[in-house]
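Below is one structure, written out as structure tokens; the observations come after it.
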Amino acid sequence: MRESVILRYIGAVMLCVSAFMAVSAVISYVNNVDSGFYPLLLSALLTFTLGAFPLLFVPRGKSISNKEGFAIVVGSWILATIVGMFPYLIWGGEFSLVNAWFESVSGFTATGATILNDIEALPQGLLFYRTSTNWLGGVGVVMFALVILPSLGTSRMSLSNVELSSLARDNYRYRTQVIVRILLVIYVGLTAITTLSLKFAGMRWFDALNHAMSACATAGFSTKNLSIAFYDNPTVELILAAAMLISSLHFGLIYATFLRKSNNIFRSEVVRTYMLIIAAATVFITVSLYGASIYTSLFEAFRHSYFQVVSLITTTGFSTADTNLWTPLAIVVLIFVSIVCACAGSTSGGMKVDRLLIFCKILWARIRHQQHPNAVIRIRVDGVVQDNEMLNNVVLFIVTYIALILVASFTNTLFGQDLMTAFSSAVACVGNIGPGFGEVGSMGNFAQIPSILKIQNSFLMLMGRLEIFGFIQLFFLKWWR
């Protein structure tokens with residue numbers, strides 16, 4: 001494995017991160033040179049230097065191996081979260097070393113959990129930088145670099161194959177360079193449309209852009225302490241719910257739908273299952289809240305139920321209500337959708353509804369096989385037969401995912417958290433969701449938890465964003481052939 005080649009490509013990603021720091025510094029400068037200007041400018045220069053050094057002094061490689069591609073992708077994610085701490089640490093405030101890393105990891109993994117008690121105390125430049133880490137992380141810092149930096153050349157295929165999971169690649173029936181363009185065109189276009197819509201709904205341009213970037217990244221960072229509840233505007237909630245929902249669908253299917261191809265969102269079995277779960281969860285919670293008189297109007301119960309279901313199942317984490325005050329049934333349903341989450345090939349994290357669908361088909365096939373031992377039963381999704389390797393990977397991932405949540409919950413309780421906070425924070429961090437319940441509820445944050453748990457949760461967020469095994473493999477690189 002050529003370490004020099006790995007450093008060169010990671011350097012390219014650092015240049016991409018430094019560009020967003022520079023843009024944030026410009027926003028600070030325009031905003032009367034607010035207190036975020038010098039921290040952002042200095043951070044941009046430091047990150048640019050780190051990225052430019054290997055690009056200048058390391059020769060370009062013609063191709064990279066799978067092992068090198070993996071090291072580049074995982075290394076880029078980790079180093080991005082480290083350099084992402086610079087603006088926070090230099091600015092100060094609530095950002096200790098551990099808090100700065102937690103906020104940086106939460107941003108780049110598009111989790112949206114925060115340690116800030118007073119978000120609105122941040123200057124506008126730093127607020128935009130914080131949101132930009134969400135936006136970069138939503139589509140993937142490596143994927144963004146594949147388009148922004150043409151110097152990567154023919155190595156795009158190796159890097160994008162590592163960045164995208166096998167589930168995500170299945171619905172991209174295009175060449176690798178086209179896949180990358182599809183991702184960015186849809187991502188940027190949806191962000192622009194959402195920004196304009198939020199502006200017309202009454203938001204300021206700055207808030208509209210930040211919330212649009214966060215919604216399309218299914219991340220959840222807001223510029224307000226009360227999140228979306230600050231606006232108390234049904235139109236704003238409807239626009240954000242639509243943006244979150246579209247961003248949680250497979251981008252390849254969205255592209256195919258615009259081209260009127262057969263493999264589109266209206267024919268997808270996964271999308272139908274996903275929509276059915278959202279509809280059922282919304283109905284259950286609406287009836288529960290209305291029946292318990294938490295909301296006296298059926299419309300209000302539906303409005304808040306639908307938004308919170310979409311917000312959590314898409315792993316965004318925006319809030320319009322304090323869900324800690326909801327009924328036990330509503331909380332159980334919200335935890336369920338937080339575990340299942342959205343579609344592969346989207347900006348969402350979590351277990352993915354694709355895996356749940358395949359797992360249910362595996363269970364049904366097992367029941368049928370016991371009834372008809374000699375039968376040859378094929379498992380199909382959208383008419384495509386799933387091979388045994390895919391089926392085994394799905395089962396292994398789900399078991400590992402649940403086991404990771406249970407282990408993290410045990411550790412959380414070991415350091416004094418109550419059961420609801422311990423379990424829901426583990427679900428929220430592994431699934432890259434953001435808010436949980438209890439002390440880390442929709443109107444709370446992670447500021448009060450012990451530093452050791454903030455470090456643990458930061459690793460959980462990274463593991464979730466890299467789909468667990470991507471992160472674990474980093475420690476076994478020397479055994480690769």
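In the structure tokens, chains take the letters A, B, ... in the order shown, each chain's residues start at 1, and ligands count up from 1 in the order shown.
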
Sorted by chain and rising residue number, which residues of stretch 224-312 of chain A lie within 12 Å of stretch 122-137 of chain A, and what are their closest atom pairs and distances in Å to one decimal, counting only C-alpha atoms, as a tab-separated table?
```
residue	atom	partner	partner_atom	distance
A:Lys224	CA	A:Leu127	CA	9.9
A:Asn225	CA	A:Leu122	CA	10.9
A:Ser247	CA	A:Trp135	CA	11.8
```

Can you write out as JSON lines which residues of stretch 61-119 of chain A fall within 9 Å of stretch 343-349 of chain A, alongside each residue's closest atom pair and its distance in Å to one decimal, counting only C-alpha atoms and ordering rows by chain and ascending residue number?
```
{"residue": "A:Thr109", "atom": "CA", "partner": "A:Gly349", "partner_atom": "CA", "distance": 8.6}
{"residue": "A:Ala110", "atom": "CA", "partner": "A:Gly349", "partner_atom": "CA", "distance": 8.1}
{"residue": "A:Thr111", "atom": "CA", "partner": "A:Gly349", "partner_atom": "CA", "distance": 8.2}
```

For stretch 353-362 of chain A, find every residue with an atom within 7 Å (counting only C-alpha atoms), except residues of its own chain fewer than 3 positions away, and show them as JSON, numbers by chain.
{"A": [270, 274, 340, 341, 342, 343, 344, 365, 366, 379, 394, 395]}

Could you tell me, as a PyMOL selection string, which residues of stretch 85-140 of chain A DSSP assigns to helix (DSSP H, G or I) when given the backbone?
chain A and resi 86-91+97-108+119-121+124-139

Residues within 10 Å of A:Ser222, only C-alpha atoms, excluding chain neighbours under 5 positions, as a PyMOL selection string:
chain A and resi 112+119-120+127-128+130-131+207+210-215+227-228+317-319

Residue selection dump (N, CA and C atoms) as a CSV table (one decimal), in the first residue's frame:
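Contents of selection.csv, freshly written:
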```
chain,number,residue,atom,x,y,z
A,112,GLY,N,-26.3,15.7,13.3
A,112,GLY,CA,-27.1,16.8,13.7
A,112,GLY,C,-27.3,16.9,15.2
A,119,ILE,N,-27.3,28.0,20.5
A,119,ILE,CA,-26.9,28.0,19.1
A,119,ILE,C,-26.9,29.4,18.5
A,120,GLU,N,-27.9,30.2,19.0
A,120,GLU,CA,-28.0,31.5,18.4
A,120,GLU,C,-26.9,32.5,18.8
A,127,LEU,N,-22.1,29.8,12.1
A,127,LEU,CA,-23.4,29.0,11.9
A,127,LEU,C,-23.4,28.4,10.5
A,128,PHE,N,-23.0,29.2,9.5
A,128,PHE,CA,-23.0,28.7,8.1
A,128,PHE,C,-21.9,27.5,8.0
A,130,ARG,N,-21.0,25.5,10.3
A,130,ARG,CA,-21.5,24.4,11.0
A,130,ARG,C,-22.5,23.6,10.0
A,131,THR,N,-23.4,24.4,9.3
A,131,THR,CA,-24.3,23.8,8.4
A,131,THR,C,-23.6,23.2,7.2
A,207,ASP,N,-31.3,32.0,7.0
A,207,ASP,CA,-31.9,30.9,7.6
A,207,ASP,C,-32.5,29.9,6.6
A,210,ASN,N,-29.5,27.9,5.2
A,210,ASN,CA,-29.0,26.9,6.2
A,210,ASN,C,-29.9,25.7,6.5
A,211,HIS,N,-31.2,26.0,6.6
A,211,HIS,CA,-32.2,24.9,6.8
A,211,HIS,C,-32.4,24.1,5.6
A,212,ALA,N,-32.3,24.7,4.4
A,212,ALA,CA,-32.3,23.9,3.2
A,212,ALA,C,-31.1,22.9,3.0
A,213,MET,N,-30.0,23.4,3.3
A,213,MET,CA,-28.8,22.6,3.3
A,213,MET,C,-28.8,21.4,4.3
A,214,SER,N,-29.3,21.8,5.5
A,214,SER,CA,-29.5,20.7,6.5
A,214,SER,C,-30.5,19.7,6.2
A,215,ALA,N,-31.6,20.2,5.6
A,215,ALA,CA,-32.7,19.3,5.3
A,215,ALA,C,-32.3,18.3,4.1
A,227,SER,N,-35.0,24.9,17.1
A,227,SER,CA,-35.1,24.2,15.8
A,227,SER,C,-36.3,24.7,15.0
A,228,ILE,N,-37.1,23.9,14.4
A,228,ILE,CA,-38.2,24.4,13.5
A,228,ILE,C,-39.3,24.9,14.3
A,317,GLY,N,-33.7,14.9,12.1
A,317,GLY,CA,-33.7,15.3,13.5
A,317,GLY,C,-34.2,16.7,13.8
A,318,PHE,N,-34.8,17.4,12.8
A,318,PHE,CA,-35.5,18.7,13.1
A,318,PHE,C,-36.6,18.4,14.1
A,319,SER,N,-37.0,19.4,14.8
A,319,SER,CA,-38.0,19.3,15.8
A,319,SER,C,-39.0,20.4,15.8
```

Quick one: residues within 10 Å of stretch 419-432 of chain A, only C-alpha atoms counted, chain neighbours fewer than 5 positions away excluded, as an MDAnalysis selection string?
chainID A and resid 106:107 109:113 218:220 312:317 335:336 338:341 348:352 401:402 404:414 437:441 446 456:465 467:468

Write out as an MDAnalysis selection string the residues lying within 12 Å of A:Ile377, counting only C-alpha atoms and excluding same-chain residues fewer than 5 positions away.
chainID A and resid 361:372 385:388
